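Novice: Enclosed is the structure file query_27.pdb (PDB, C-alpha atoms, pLDDT in the B column).
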```pdb
ATOM      1  CA  MET N1007     152.880 140.664  17.469  1.00 49.00           C
ATOM      2  CA  ASN N1008     153.092 143.728  15.250  1.00 52.00           C
ATOM      3  CA  ASP N1009     156.517 145.400  15.441  1.00 58.00           C
ATOM      4  CA  ALA N1010     157.593 143.466  18.554  1.00 63.00           C
ATOM      5  CA  PRO N1011     161.215 143.105  17.318  1.00 70.00           C
ATOM      6  CA  GLU N1012     161.376 146.854  16.770  1.00 77.00           C
ATOM      7  CA  ILE N1013     160.046 147.462  20.287  1.00 82.00           C
ATOM      8  CA  SER N1014     162.726 145.160  21.714  1.00 82.00           C
ATOM      9  CA  ARG N1015     165.406 147.105  19.842  1.00 84.00           C
ATOM     10  CA  LYS N1016     164.141 150.432  21.162  1.00 85.00           C
ATOM     11  CA  LEU N1017     163.986 149.012  24.671  1.00 89.00           C
ATOM     12  CA  GLY N1018     167.619 147.968  24.340  1.00 87.00           C
ATOM     13  CA  HIS N1019     166.862 144.553  25.814  1.00 91.00           C
ATOM     14  CA  ASP N1020     166.873 141.025  24.380  1.00 90.00           C
ATOM     15  CA  PHE N1021     164.079 139.213  26.209  1.00 92.00           C
ATOM     16  CA  LYS N1022     164.881 135.784  27.600  1.00 93.00           C
ATOM     17  CA  GLN N1023     161.128 135.372  28.210  1.00 93.00           C
ATOM     18  CA  PRO N1024     159.425 136.859  25.113  1.00 90.00           C
ATOM     19  CA  ASP N1025     156.011 136.052  26.561  1.00 91.00           C
ATOM     20  CA  LEU N1026     156.560 138.853  29.109  1.00 94.00           C
ATOM     21  CA  LEU N1027     156.771 141.432  26.336  1.00 93.00           C
ATOM     22  CA  GLU N1028     153.795 139.830  24.596  1.00 91.00           C
ATOM     23  CA  ARG N1029     151.759 140.114  27.792  1.00 91.00           C
ATOM     24  CA  ALA N1030     152.853 143.730  28.287  1.00 93.00           C
ATOM     25  CA  LEU N1031     151.446 144.560  24.852  1.00 91.00           C
ATOM     26  CA  SER N1032     148.156 142.651  25.221  1.00 89.00           C
ATOM     27  CA  HIS N1033     145.130 144.895  25.826  1.00 86.00           C
ATOM     28  CA  PRO N1034     142.410 143.669  28.251  1.00 85.00           C
ATOM     29  CA  SER N1035     139.905 143.631  25.366  1.00 82.00           C
ATOM     30  CA  LEU N1036     141.532 140.383  24.163  1.00 79.00           C
ATOM     31  CA  MET N1037     140.550 138.464  27.278  1.00 71.00           C
ATOM     32  CA  GLY N1038     137.786 135.921  26.788  1.00 61.00           C
ATOM     33  CA  GLY N1039     138.353 135.489  23.069  1.00 56.00           C
ATOM     34  CA  ALA N1040     139.202 132.241  21.292  1.00 54.00           C
ATOM     35  CA  ASP N1041     142.891 133.136  21.031  1.00 58.00           C
ATOM     36  CA  ALA N1042     143.076 135.093  24.268  1.00 57.00           C
ATOM     37  CA  PRO N1043     146.464 135.406  26.002  1.00 60.00           C
ATOM     38  CA  ALA N1044     146.879 134.015  29.504  1.00 63.00           C
ATOM     39  CA  GLU N1045     146.905 137.570  30.876  1.00 77.00           C
ATOM     40  CA  SER N1046     146.564 141.138  29.676  1.00 81.00           C
ATOM     41  CA  TYR N1047     148.927 143.936  30.666  1.00 88.00           C
ATOM     42  CA  GLN N1048     146.937 145.006  33.736  1.00 87.00           C
ATOM     43  CA  ARG N1049     148.919 143.133  36.415  1.00 91.00           C
ATOM     44  CA  LEU N1050     152.197 144.178  34.801  1.00 94.00           C
ATOM     45  CA  GLU N1051     150.952 147.763  34.708  1.00 92.00           C
ATOM     46  CA  PHE N1052     150.535 147.632  38.499  1.00 92.00           C
ATOM     47  CA  LEU N1053     154.145 146.503  38.950  1.00 95.00           C
ATOM     48  CA  GLY N1054     155.565 148.872  36.341  1.00 96.00           C
ATOM     49  CA  ASP N1055     154.069 151.870  38.123  1.00 94.00           C
ATOM     50  CA  ARG N1056     156.031 150.959  41.281  1.00 96.00           C
ATOM     51  CA  VAL N1057     159.286 150.268  39.436  1.00 97.00           C
ATOM     52  CA  LEU N1058     159.034 153.575  37.579  1.00 97.00           C
ATOM     53  CA  GLY N1059     158.390 155.437  40.834  1.00 96.00           C
ATOM     54  CA  LEU N1060     161.415 153.835  42.500  1.00 97.00           C
ATOM     55  CA  VAL N1061     163.850 154.626  39.693  1.00 98.00           C
ATOM     56  CA  VAL N1062     162.592 158.173  39.169  1.00 97.00           C
ATOM     57  CA  ALA N1063     162.864 158.756  42.938  1.00 97.00           C
ATOM     58  CA  GLU N1064     166.514 157.616  42.749  1.00 97.00           C
ATOM     59  CA  MET N1065     167.132 160.017  39.866  1.00 97.00           C
ATOM     60  CA  LEU N1066     165.551 162.921  41.745  1.00 96.00           C
ATOM     61  CA  LEU N1067     167.653 162.322  44.860  1.00 96.00           C
ATOM     62  CA  GLU N1068     170.775 162.405  42.693  1.00 96.00           C
ATOM     63  CA  ARG N1069     169.738 165.470  40.690  1.00 94.00           C
ATOM     64  CA  TYR N1070     168.359 167.559  43.588  1.00 93.00           C
ATOM     65  CA  PRO N1071     170.408 166.603  46.692  1.00 94.00           C
ATOM     66  CA  HIS N1072     169.251 169.618  48.737  1.00 92.00           C
ATOM     67  CA  GLU N1073     165.498 169.670  48.035  1.00 91.00           C
ATOM     68  CA  ASP N1074     163.020 168.698  50.716  1.00 89.00           C
ATOM     69  CA  GLU N1075     160.479 165.897  50.512  1.00 88.00           C
ATOM     70  CA  GLY N1076     157.609 168.140  49.399  1.00 82.00           C
ATOM     71  CA  LYS N1077     159.443 169.478  46.344  1.00 84.00           C
ATOM     72  CA  LEU N1078     160.759 166.031  45.432  1.00 89.00           C
ATOM     73  CA  THR N1079     157.250 164.595  45.708  1.00 84.00           C
ATOM     74  CA  ARG N1080     155.855 167.219  43.317  1.00 82.00           C
ATOM     75  CA  ARG N1081     158.601 166.466  40.831  1.00 88.00           C
ATOM     76  CA  LEU N1082     157.954 162.732  41.142  1.00 89.00           C
ATOM     77  CA  THR N1083     154.221 163.187  40.563  1.00 83.00           C
ATOM     78  CA  GLY N1084     154.867 165.138  37.386  1.00 84.00           C
ATOM     79  CA  LEU N1085     157.339 162.598  36.016  1.00 90.00           C
ATOM     80  CA  VAL N1086     155.271 159.444  36.575  1.00 91.00           C
ATOM     81  CA  ARG N1087     151.929 160.855  35.425  1.00 85.00           C
ATOM     82  CA  ALA N1088     150.136 159.444  32.388  1.00 84.00           C
ATOM     83  CA  GLU N1089     151.271 162.258  30.096  1.00 85.00           C
ATOM     84  CA  ALA N1090     154.947 161.372  30.607  1.00 90.00           C
ATOM     85  CA  LEU N1091     154.265 157.671  30.036  1.00 93.00           C
ATOM     86  CA  THR N1092     152.297 158.441  26.873  1.00 92.00           C
ATOM     87  CA  GLN N1093     155.206 160.513  25.568  1.00 93.00           C
ATOM     88  CA  VAL N1094     157.602 157.606  26.075  1.00 95.00           C
ATOM     89  CA  GLY N1095     155.083 155.143  24.637  1.00 94.00           C
ATOM     90  CA  LEU N1096     154.915 157.204  21.452  1.00 93.00           C
ATOM     91  CA  ALA N1097     158.706 157.437  21.280  1.00 93.00           C
ATOM     92  CA  ILE N1098     159.153 153.652  21.310  1.00 92.00           C
ATOM     93  CA  GLY N1099     156.160 152.920  19.059  1.00 91.00           C
ATOM     94  CA  ILE N1100     154.036 150.978  21.504  1.00 92.00           C
ATOM     95  CA  GLY N1101     150.860 151.782  19.572  1.00 89.00           C
ATOM     96  CA  SER N1102     151.834 149.780  16.489  1.00 88.00           C
ATOM     97  CA  ALA N1103     152.875 146.781  18.605  1.00 89.00           C
ATOM     98  CA  LEU N1104     149.761 146.588  20.782  1.00 89.00           C
ATOM     99  CA  ARG N1105     147.495 143.551  20.553  1.00 87.00           C
ATOM    100  CA  LEU N1106     143.865 144.704  20.584  1.00 86.00           C
ATOM    101  CA  ALA N1107     140.446 143.252  19.945  1.00 84.00           C
ATOM    102  CA  LYS N1108     139.112 144.195  16.505  1.00 85.00           C
ATOM    103  CA  SER N1109     136.398 146.338  18.071  1.00 84.00           C
ATOM    104  CA  GLU N1110     138.995 148.397  19.937  1.00 83.00           C
ATOM    105  CA  GLU N1111     141.138 148.642  16.814  1.00 82.00           C
ATOM    106  CA  ALA N1112     138.168 150.001  14.865  1.00 84.00           C
ATOM    107  CA  ARG N1113     137.600 152.680  17.513  1.00 84.00           C
ATOM    108  CA  GLY N1114     141.170 153.930  17.117  1.00 84.00           C
ATOM    109  CA  GLU N1115     142.230 152.801  20.586  1.00 84.00           C
ATOM    110  CA  ARG N1116     145.729 152.012  19.334  1.00 86.00           C
ATOM    111  CA  ALA N1117     146.394 155.761  19.610  1.00 88.00           C
ATOM    112  CA  ASN N1118     144.531 156.280  22.903  1.00 88.00           C
ATOM    113  CA  PRO N1119     146.925 158.146  25.246  1.00 88.00           C
ATOM    114  CA  ALA N1120     145.621 156.322  28.345  1.00 85.00           C
ATOM    115  CA  ILE N1121     146.214 152.919  26.738  1.00 89.00           C
ATOM    116  CA  LEU N1122     149.706 153.934  25.593  1.00 92.00           C
ATOM    117  CA  ALA N1123     150.519 155.033  29.148  1.00 91.00           C
ATOM    118  CA  ASP N1124     149.207 151.785  30.671  1.00 91.00           C
ATOM    119  CA  ALA N1125     151.137 149.645  28.185  1.00 93.00           C
ATOM    120  CA  CYS N1126     154.309 151.646  28.816  1.00 95.00           C
ATOM    121  CA  GLU N1127     154.062 150.850  32.537  1.00 96.00           C
ATOM    122  CA  ALA N1128     153.558 147.186  31.655  1.00 95.00           C
ATOM    123  CA  VAL N1129     156.642 147.210  29.428  1.00 96.00           C
ATOM    124  CA  ILE N1130     158.696 148.595  32.321  1.00 97.00           C
ATOM    125  CA  ALA N1131     157.474 145.687  34.467  1.00 97.00           C
ATOM    126  CA  ALA N1132     158.346 143.200  31.712  1.00 96.00           C
ATOM    127  CA  LEU N1133     161.877 144.604  31.606  1.00 97.00           C
ATOM    128  CA  TYR N1134     162.126 144.306  35.385  1.00 98.00           C
ATOM    129  CA  LEU N1135     160.886 140.698  35.491  1.00 97.00           C
ATOM    130  CA  ASP N1136     163.059 139.579  32.571  1.00 96.00           C
ATOM    131  CA  GLY N1137     166.292 141.446  33.258  1.00 96.00           C
ATOM    132  CA  GLY N1138     166.048 142.655  36.833  1.00 97.00           C
ATOM    133  CA  LEU N1139     165.976 146.185  38.173  1.00 97.00           C
ATOM    134  CA  GLU N1140     169.036 147.216  36.149  1.00 97.00           C
ATOM    135  CA  ALA N1141     167.281 146.475  32.832  1.00 96.00           C
ATOM    136  CA  ALA N1142     164.309 148.611  33.853  1.00 97.00           C
ATOM    137  CA  ARG N1143     166.610 151.286  35.276  1.00 97.00           C
ATOM    138  CA  ARG N1144     168.547 151.617  31.985  1.00 96.00           C
ATOM    139  CA  PHE N1145     165.345 152.134  30.026  1.00 96.00           C
ATOM    140  CA  ILE N1146     163.846 154.628  32.486  1.00 97.00           C
ATOM    141  CA  ARG N1147     167.026 156.674  32.762  1.00 97.00           C
ATOM    142  CA  ARG N1148     167.289 156.842  28.981  1.00 95.00           C
ATOM    143  CA  PHE N1149     163.809 158.208  28.460  1.00 95.00           C
ATOM    144  CA  TRP N1150     163.163 160.145  31.665  1.00 96.00           C
ATOM    145  CA  THR N1151     166.451 162.036  32.118  1.00 94.00           C
ATOM    146  CA  ASP N1152     165.560 164.824  29.683  1.00 92.00           C
ATOM    147  CA  MET N1153     162.108 165.239  31.246  1.00 91.00           C
ATOM    148  CA  LEU N1154     163.707 165.487  34.677  1.00 90.00           C
ATOM    149  CA  HIS N1155     166.132 168.188  33.539  1.00 86.00           C
ATOM    150  CA  ASP N1156     163.466 170.137  31.626  1.00 82.00           C
ATOM    151  CA  ALA N1157     161.640 171.082  34.846  1.00 71.00           C
ATOM    152  CA  PRO N1158     163.818 173.653  36.682  1.00 72.00           C
ATOM    153  CA  THR N1159     161.188 174.233  39.384  1.00 76.00           C
ATOM    154  CA  PRO N1160     158.999 171.599  41.059  1.00 74.00           C
ATOM    155  CA  PRO N1161     155.673 171.484  39.186  1.00 72.00           C
ATOM    156  CA  LYS N1162     152.375 171.742  40.993  1.00 73.00           C
ATOM    157  CA  ASP N1163     149.636 169.389  39.942  1.00 80.00           C
ATOM    158  CA  ALA N1164     146.428 171.107  38.864  1.00 85.00           C
ATOM    159  CA  LYS N1165     144.425 170.104  41.958  1.00 88.00           C
ATOM    160  CA  THR N1166     147.065 171.557  44.283  1.00 86.00           C
ATOM    161  CA  ALA N1167     147.341 174.757  42.234  1.00 85.00           C
ATOM    162  CA  LEU N1168     143.565 175.215  42.194  1.00 90.00           C
ATOM    163  CA  GLN N1169     143.305 174.635  45.940  1.00 89.00           C
ATOM    164  CA  GLU N1170     146.001 177.222  46.591  1.00 86.00           C
ATOM    165  CA  TRP N1171     144.178 179.688  44.308  1.00 88.00           C
ATOM    166  CA  THR N1172     140.912 179.312  46.227  1.00 90.00           C
ATOM    167  CA  LEU N1173     142.542 179.520  49.667  1.00 89.00           C
ATOM    168  CA  ALA N1174     144.412 182.679  48.661  1.00 87.00           C
ATOM    169  CA  ARG N1175     141.032 184.278  47.968  1.00 90.00           C
ATOM    170  CA  GLY N1176     139.378 183.105  51.167  1.00 90.00           C
ATOM    171  CA  LEU N1177     137.205 180.552  49.362  1.00 90.00           C
ATOM    172  CA  PRO N1178     136.417 176.999  50.471  1.00 93.00           C
ATOM    173  CA  VAL N1179     138.615 174.325  48.909  1.00 92.00           C
ATOM    174  CA  PRO N1180     137.318 172.894  45.607  1.00 94.00           C
ATOM    175  CA  SER N1181     135.167 169.785  45.716  1.00 96.00           C
ATOM    176  CA  TYR N1182     134.853 167.044  43.106  1.00 97.00           C
ATOM    177  CA  ARG N1183     131.923 164.839  42.179  1.00 96.00           C
ATOM    178  CA  GLU N1184     131.657 161.959  39.722  1.00 96.00           C
ATOM    179  CA  VAL N1185     128.833 162.653  37.265  1.00 95.00           C
ATOM    180  CA  ASP N1186     129.245 159.865  34.721  1.00 94.00           C
ATOM    181  CA  ARG N1187     131.046 156.623  33.935  1.00 93.00           C
ATOM    182  CA  THR N1188     130.988 155.062  30.494  1.00 89.00           C
ATOM    183  CA  GLY N1189     132.788 152.334  28.588  1.00 82.00           C
ATOM    184  CA  PRO N1190     133.467 148.673  29.369  1.00 80.00           C
ATOM    185  CA  ASP N1191     134.948 147.531  32.685  1.00 78.00           C
ATOM    186  CA  HIS N1192     138.394 147.045  31.131  1.00 74.00           C
ATOM    187  CA  ALA N1193     138.478 150.588  29.716  1.00 75.00           C
ATOM    188  CA  PRO N1194     136.183 152.893  31.749  1.00 86.00           C
ATOM    189  CA  MET N1195     135.885 156.617  31.142  1.00 89.00           C
ATOM    190  CA  PHE N1196     135.035 158.819  34.121  1.00 93.00           C
ATOM    191  CA  THR N1197     133.538 162.300  34.041  1.00 95.00           C
ATOM    192  CA  VAL N1198     134.103 164.404  37.156  1.00 96.00           C
ATOM    193  CA  GLU N1199     133.036 167.978  37.881  1.00 97.00           C
ATOM    194  CA  VAL N1200     135.054 170.393  39.990  1.00 97.00           C
ATOM    195  CA  LEU N1201     133.079 172.877  42.064  1.00 96.00           C
ATOM    196  CA  VAL N1202     134.502 176.238  43.137  1.00 94.00           C
ATOM    197  CA  GLN N1203     132.355 178.685  45.062  1.00 92.00           C
ATOM    198  CA  GLY N1204     130.954 181.422  42.826  1.00 90.00           C
ATOM    199  CA  MET N1205     131.798 179.663  39.562  1.00 91.00           C
ATOM    200  CA  PRO N1206     129.906 177.201  37.358  1.00 94.00           C
ATOM    201  CA  PRO N1207     131.159 173.607  37.594  1.00 95.00           C
ATOM    202  CA  VAL N1208     133.782 172.448  35.087  1.00 95.00           C
ATOM    203  CA  PRO N1209     133.899 168.820  33.884  1.00 95.00           C
ATOM    204  CA  GLY N1210     136.944 166.686  33.180  1.00 93.00           C
ATOM    205  CA  GLN N1211     137.322 163.208  31.719  1.00 92.00           C
ATOM    206  CA  GLY N1212     139.860 160.460  32.239  1.00 87.00           C
ATOM    207  CA  SER N1213     140.395 156.723  32.448  1.00 84.00           C
ATOM    208  CA  SER N1214     140.518 157.021  36.254  1.00 87.00           C
ATOM    209  CA  LYS N1215     138.816 159.307  38.758  1.00 89.00           C
ATOM    210  CA  ARG N1216     142.161 160.844  39.656  1.00 87.00           C
ATOM    211  CA  GLN N1217     142.914 161.663  36.030  1.00 87.00           C
ATOM    212  CA  ALA N1218     139.431 163.111  35.502  1.00 91.00           C
ATOM    213  CA  GLU N1219     139.801 165.299  38.602  1.00 93.00           C
ATOM    214  CA  GLN N1220     143.163 166.603  37.408  1.00 88.00           C
ATOM    215  CA  ARG N1221     141.750 167.493  33.996  1.00 90.00           C
ATOM    216  CA  ALA N1222     138.748 169.222  35.537  1.00 93.00           C
ATOM    217  CA  ALA N1223     141.101 171.237  37.755  1.00 92.00           C
ATOM    218  CA  GLU N1224     143.278 172.127  34.742  1.00 88.00           C
ATOM    219  CA  ASP N1225     140.242 173.400  32.814  1.00 90.00           C
ATOM    220  CA  MET N1226     139.009 175.358  35.833  1.00 92.00           C
ATOM    221  CA  LEU N1227     142.423 177.030  36.135  1.00 88.00           C
ATOM    222  CA  GLU N1228     142.304 177.890  32.436  1.00 86.00           C
ATOM    223  CA  ARG N1229     138.871 179.438  32.932  1.00 86.00           C
ATOM    224  CA  VAL N1230     140.166 181.465  35.876  1.00 81.00           C
ATOM    225  CA  LYS N1231     143.112 182.725  33.802  1.00 73.00           C
ATOM    226  CA  SER N1232     140.945 183.658  30.808  1.00 70.00           C
ATOM    227  CA  GLU N1233     138.444 185.548  32.992  1.00 68.00           C
ATOM    228  CA  ARG N1234     141.304 187.378  34.683  1.00 57.00           C
ATOM    229  CA  ARG N1235     142.714 188.385  31.286  1.00 51.00           C
ATOM    230  CA  GLY N1236     139.237 189.508  30.167  1.00 50.00           C
TER     231      GLY N1236
END
```
Could you render the structure from this file as C-alpha cells?

Specialist:
Amino acid sequence: MNDAPEISRKLGHDFKQPDLLERALSHPSLMGGADAPAESYQRLEFLGDRVLGLVVAEMLLERYPHEDEGKLTRRLTGLVRAEALTQVGLAIGIGSALRLAKSEEARGERANPAILADACEAVIAALYLDGGLEAARRFIRRFWTDMLHDAPTPPKDAKTALQEWTLARGLPVPSYREVDRTGPDHAPMFTVEVLVQGMPPVPGQGSSKRQAEQRAAEDMLERVKSERRG
C-alpha cells in the first residue's frame, strides 16, 4: 500500500492485524479484479460511522452538560457529516494511501472528497476492530476536539434552515426530487432538485441522496440570500 506506514503513524496505532488497515484503504473499484482484496472498505465504513457517532456523542455530553437533545443532535450531525470526515482524511493523508483501480486513479478519484470521507470512516472501524473502542476514541478525540470547540452555537443543517425559512414566510415546506443518477454502482452520483414555492428549482449533487439534498438546500439558501441583498 502507498504510504500505509505513514498513515499508521498519524493514526497513532500499531496494527496487530495490518489487513484491517489494508481493507479500510481499498476502494470498491478493486473488487472483481485479478488481485482483488477479500473486501473493500464499504462494510468497515458502515461500522466506522456508528463508532464515530458514539464517541462524538460522548464528547458532546461532556462539553455541553446543560444542552437539550435537540441542540446536541444538531451538533452531532454537523460533526459526523462528510465534510468533517474529508477534513480529517486530508489531515492524515488518506488519499495517497488509497488502493484504487487504475480507471478511478485516472479520473482523479484519489482526491474525491466523498471517497476520502468514506475511507476515513473505514479507518475508524479498523482502529476499533484492531485496538478496541479506546483506540478509536483516542483518534477521534485528537481530530474532532477542535471542530467541536469551534462551533459555539449548534449548527443547523441546510435542509432544516431552508424549511424554517419557508415556514416563517407562510410557504409550504420544500420538497425534493431525484432527477438523475450517474456513475457505477460502487460510486453513484445523485442529482436532486429542491422545490420552493415561487422560486425556480435548484439542483444539488452528492454521492448519496441525503448529501445531494443538503447541497441543493445550501444552494437554495445562497440564492435566497443573494436575492435579498439585491

Novice: In Å, rounded to a single decimal, give me how far atom CA of N:Glu1068 is from atom CA of N:Ser1014.

Specialist: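 Atom-to-atom, atom CA of N:Ser1014 to atom CA of N:Glu1068, that is 28.3 Å.
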
Novice: Check which residues satisfy the PyMOL selection byres ((chain N and resi 1182-1190) around 9) in the file shown, then give them as a list in words.

Specialist: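 The output of the PyMOL selection byres ((chain N and resi 1182-1190) around 9) on this file is Pro1180, Ser1181, Asp1191, His1192, Ala1193, Pro1194, Met1195, Phe1196, Thr1197, Val1198, Glu1199, Val1200, Leu1201, Pro1209, Lys1215, Ala1218, Glu1219 and Ala1222 of chain N.
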
Novice: If you apply the PyMOL selection byres ((chain N and resi 1023) around 10) to this file, what residues do you get, as a ChimeraX atom specification?

Specialist: /N:1020-1022,1024-1028,1132-1133,1135-1137

Novice: Between N:Glu1012, N:Ala1090, N:Val1062, N:Val1057, which is the closest to N:Gly1138 once you count only C-alpha atoms?

Specialist: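 Between N:Glu1012, N:Ala1090, N:Val1062, N:Val1057, the residue approaching N:Gly1138 most closely is N:Val1057.
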
Novice: Name the residues that the PyMOL selection byres ((chain N and resi 1116) around 8) pulls out of this structure, and write them as number ranges by chain.

Specialist: N: 1101-1102, 1104, 1106, 1110-1111, 1114-1115, 1117-1118, 1121-1122

Novice: Provide the atom CA of N:Lys1231 to atom CA of N:Gly1084 distance in Å, to one decimal place.

Specialist: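 Between atom CA of N:Lys1231 and atom CA of N:Gly1084 the gap works out to 21.5 Å.
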
Novice: N:Lys1108: which residues within 9 Å, counting only C-alpha atoms, same-chain residues fewer than 4 positions away excluded, as a PyMOL selection string?

Specialist: chain N and resi 1035-1036+1112-1113

Novice: Please output stretch 1193-1211 of chain N, rebuilt to include N, CA and C atoms, as a PDB file, keeping the file's coordinate frame.

Specialist:
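The file below, result.pdb, is the result:
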```pdb
ATOM      1  N   ALA N1193     138.031 149.274  30.203  1.00 75.00           N
ATOM      2  CA  ALA N1193     138.478 150.588  29.716  1.00 75.00           C
ATOM      3  C   ALA N1193     137.436 151.655  30.065  1.00 75.00           C
ATOM      4  N   PRO N1194     137.217 151.915  31.354  1.00 86.00           N
ATOM      5  CA  PRO N1194     136.183 152.893  31.749  1.00 86.00           C
ATOM      6  C   PRO N1194     136.622 154.322  31.436  1.00 86.00           C
ATOM      7  N   MET N1195     135.631 155.191  31.311  1.00 89.00           N
ATOM      8  CA  MET N1195     135.885 156.617  31.142  1.00 89.00           C
ATOM      9  C   MET N1195     135.040 157.353  32.176  1.00 89.00           C
ATOM     10  N   PHE N1196     135.706 158.099  33.048  1.00 93.00           N
ATOM     11  CA  PHE N1196     135.035 158.819  34.121  1.00 93.00           C
ATOM     12  C   PHE N1196     134.880 160.292  33.747  1.00 93.00           C
ATOM     13  N   THR N1197     133.741 160.857  34.151  1.00 95.00           N
ATOM     14  CA  THR N1197     133.538 162.300  34.041  1.00 95.00           C
ATOM     15  C   THR N1197     133.317 162.840  35.448  1.00 95.00           C
ATOM     16  N   VAL N1198     134.144 163.806  35.816  1.00 96.00           N
ATOM     17  CA  VAL N1198     134.103 164.404  37.156  1.00 96.00           C
ATOM     18  C   VAL N1198     133.970 165.909  37.002  1.00 96.00           C
ATOM     19  N   GLU N1199     133.158 166.522  37.863  1.00 97.00           N
ATOM     20  CA  GLU N1199     133.036 167.978  37.881  1.00 97.00           C
ATOM     21  C   GLU N1199     133.768 168.543  39.086  1.00 97.00           C
ATOM     22  N   VAL N1200     134.446 169.682  38.881  1.00 97.00           N
ATOM     23  CA  VAL N1200     135.054 170.393  39.990  1.00 97.00           C
ATOM     24  C   VAL N1200     134.179 171.593  40.307  1.00 97.00           C
ATOM     25  N   LEU N1201     133.956 171.797  41.599  1.00 96.00           N
ATOM     26  CA  LEU N1201     133.079 172.877  42.064  1.00 96.00           C
ATOM     27  C   LEU N1201     133.892 173.883  42.869  1.00 96.00           C
ATOM     28  N   VAL N1202     133.855 175.131  42.434  1.00 94.00           N
ATOM     29  CA  VAL N1202     134.502 176.238  43.137  1.00 94.00           C
ATOM     30  C   VAL N1202     133.438 177.287  43.422  1.00 94.00           C
ATOM     31  N   GLN N1203     133.388 177.734  44.660  1.00 92.00           N
ATOM     32  CA  GLN N1203     132.355 178.685  45.062  1.00 92.00           C
ATOM     33  C   GLN N1203     132.340 179.908  44.136  1.00 92.00           C
ATOM     34  N   GLY N1204     131.120 180.242  43.658  1.00 90.00           N
ATOM     35  CA  GLY N1204     130.954 181.422  42.826  1.00 90.00           C
ATOM     36  C   GLY N1204     131.209 181.204  41.357  1.00 90.00           C
ATOM     37  N   MET N1205     131.514 179.953  40.961  1.00 91.00           N
ATOM     38  CA  MET N1205     131.798 179.663  39.562  1.00 91.00           C
ATOM     39  C   MET N1205     131.004 178.447  39.117  1.00 91.00           C
ATOM     40  N   PRO N1206     130.598 178.397  37.841  1.00 94.00           N
ATOM     41  CA  PRO N1206     129.906 177.201  37.358  1.00 94.00           C
ATOM     42  C   PRO N1206     130.843 175.996  37.363  1.00 94.00           C
ATOM     43  N   PRO N1207     130.306 174.800  37.561  1.00 95.00           N
ATOM     44  CA  PRO N1207     131.159 173.607  37.594  1.00 95.00           C
ATOM     45  C   PRO N1207     131.843 173.378  36.246  1.00 95.00           C
ATOM     46  N   VAL N1208     133.006 172.758  36.295  1.00 95.00           N
ATOM     47  CA  VAL N1208     133.782 172.448  35.087  1.00 95.00           C
ATOM     48  C   VAL N1208     134.038 170.947  35.060  1.00 95.00           C
ATOM     49  N   PRO N1209     133.691 170.273  33.955  1.00 95.00           N
ATOM     50  CA  PRO N1209     133.899 168.820  33.884  1.00 95.00           C
ATOM     51  C   PRO N1209     135.295 168.459  33.378  1.00 95.00           C
ATOM     52  N   GLY N1210     135.707 167.256  33.709  1.00 93.00           N
ATOM     53  CA  GLY N1210     136.944 166.686  33.180  1.00 93.00           C
ATOM     54  C   GLY N1210     136.755 165.201  32.986  1.00 93.00           C
ATOM     55  N   GLN N1211     137.443 164.632  31.999  1.00 92.00           N
ATOM     56  CA  GLN N1211     137.322 163.208  31.719  1.00 92.00           C
ATOM     57  C   GLN N1211     138.666 162.520  31.808  1.00 92.00           C
TER      58      GLN N1211
END
```
